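Asker: Below you will find the structure I want to go over with you.
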Amino acid sequence: MWMVLGLIAIAATILNLFLYFSGKDYKVAMALGLSFTALTMCAEYSLVSQWVKARDWSALEDVVPGMEKALWVLVIVSILLNTAPMILGRGKK
């Protein structure tokens, strides 16, 4: 599920940037991009929760350390890309 939500978040972010550079209203796409990023994080957390409930320590040990760094980077990039039009728009006024 996290993969589908992540792909939707990426598509919404691309749409957000496309709408901004086209001069159209981008705020709904920005909200969708950030919302689907949050939903992706929740789905990922649910997956880790399932591993804990199943006591699948090997999955946790293998995946979580690398996943933590990747998720931090991806969330920061998502925030920066989705808010860039808003920040750039202020500079034009």
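If you're wondering about the labels, chains in the structure tokens are A, B, ... by order shown, residues count from 1 in each chain, ligands from 1 in order shown.
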If you count only C-alpha atoms, which residues fall within 8 Å of range 82-84 of chain A, apart from same-chain ones fewer than 4 positions away, as a PyMOL selection string?
Answerer: chain A and resi 13+16-17+30+33-34+78+88
Asker: Using N, CA and C atoms, can you export the residues from the last selection as a PDB file, in the first residue's frame?
Answerer:
```pdb
ATOM      1  N   THR A  13       3.035  15.789  -6.653  1.00  0.00           N
ATOM      2  CA  THR A  13       4.111  16.772  -6.567  1.00  0.00           C
ATOM      3  C   THR A  13       4.522  17.251  -7.957  1.00  0.00           C
ATOM      4  N   ASN A  16       1.838  19.491  -9.128  1.00  0.00           N
ATOM      5  CA  ASN A  16       1.966  20.764  -8.422  1.00  0.00           C
ATOM      6  C   ASN A  16       2.978  21.663  -9.128  1.00  0.00           C
ATOM      7  N   LEU A  17       4.156  21.136  -9.424  1.00  0.00           N
ATOM      8  CA  LEU A  17       5.191  21.927 -10.090  1.00  0.00           C
ATOM      9  C   LEU A  17       4.790  22.303 -11.508  1.00  0.00           C
ATOM     10  N   MET A  30      -0.660  20.865  -4.364  1.00  0.00           N
ATOM     11  CA  MET A  30       0.293  20.947  -3.268  1.00  0.00           C
ATOM     12  C   MET A  30      -0.249  20.222  -2.036  1.00  0.00           C
ATOM     13  N   GLY A  33      -0.127  16.476  -2.668  1.00  0.00           N
ATOM     14  CA  GLY A  33       1.233  15.956  -2.560  1.00  0.00           C
ATOM     15  C   GLY A  33       1.659  15.770  -1.118  1.00  0.00           C
ATOM     16  N   LEU A  34       1.398  16.774  -0.293  1.00  0.00           N
ATOM     17  CA  LEU A  34       1.768  16.673   1.120  1.00  0.00           C
ATOM     18  C   LEU A  34       0.902  15.650   1.851  1.00  0.00           C
ATOM     19  N   SER A  78       9.966  16.072  -0.320  1.00  0.00           N
ATOM     20  CA  SER A  78       8.550  16.299  -0.631  1.00  0.00           C
ATOM     21  C   SER A  78       8.080  17.652  -0.105  1.00  0.00           C
ATOM     22  N   LEU A  88       8.354  30.516  -4.049  1.00  0.00           N
ATOM     23  CA  LEU A  88       8.735  31.246  -5.252  1.00  0.00           C
ATOM     24  C   LEU A  88       7.683  32.286  -5.639  1.00  0.00           C
TER      25      LEU A  88
END
```
Asker: My list of candidates is A:Val75, A:Met86, A:Leu47, A:Leu39. Which is closest to Lys27 in chain A when distances are computed with only C-alpha atoms?
Answerer: A:Met86
Asker: Could you check the closest approach to Leu74 in chain A for each of A:Met41, A:Lys24, A:Ala12, A:Met1 and tell me which residue wins, using only C-alpha atoms?
Answerer: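 Comparing A:Met41, A:Lys24, A:Ala12, A:Met1 against Leu74 in chain A, the winner is A:Met41.
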Asker: Fewer than 5 positions away in the same chain doesn't count, so skip those; otherwise give me all residues within 12 Å of Cys42 in chain A, counting only C-alpha atoms, as a list in words.
Answerer: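 Near Cys42 in chain A, the qualifying residues are Met1, Trp2, Met3, Leu5, Gly6, Ser35, Phe36, Thr37, Leu47, Val48, Ser49 and Leu71 of chain A.
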Asker: Please compute the CA of Thr40 in chain A-CA of Ile10 in chain A distance, one decimal, in Å.
Answerer: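 About the pair CA of Thr40 in chain A and CA of Ile10 in chain A: they are 10.7 Å apart.
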Asker: Please indicate the distance in Å from CA of Tyr20 in chain A to CA of Gly89 in chain A, rounded to one decimal place.
Answerer: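 Spanning CA of Tyr20 in chain A to CA of Gly89 in chain A is a straight-line distance of 8.7 Å.
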Asker: Taking only C-alpha atoms into account, which of A:Val52, A:Ala70, A:Ile76, A:Ala43 comes nearest Val4 in chain A?
Answerer: A:Ala43
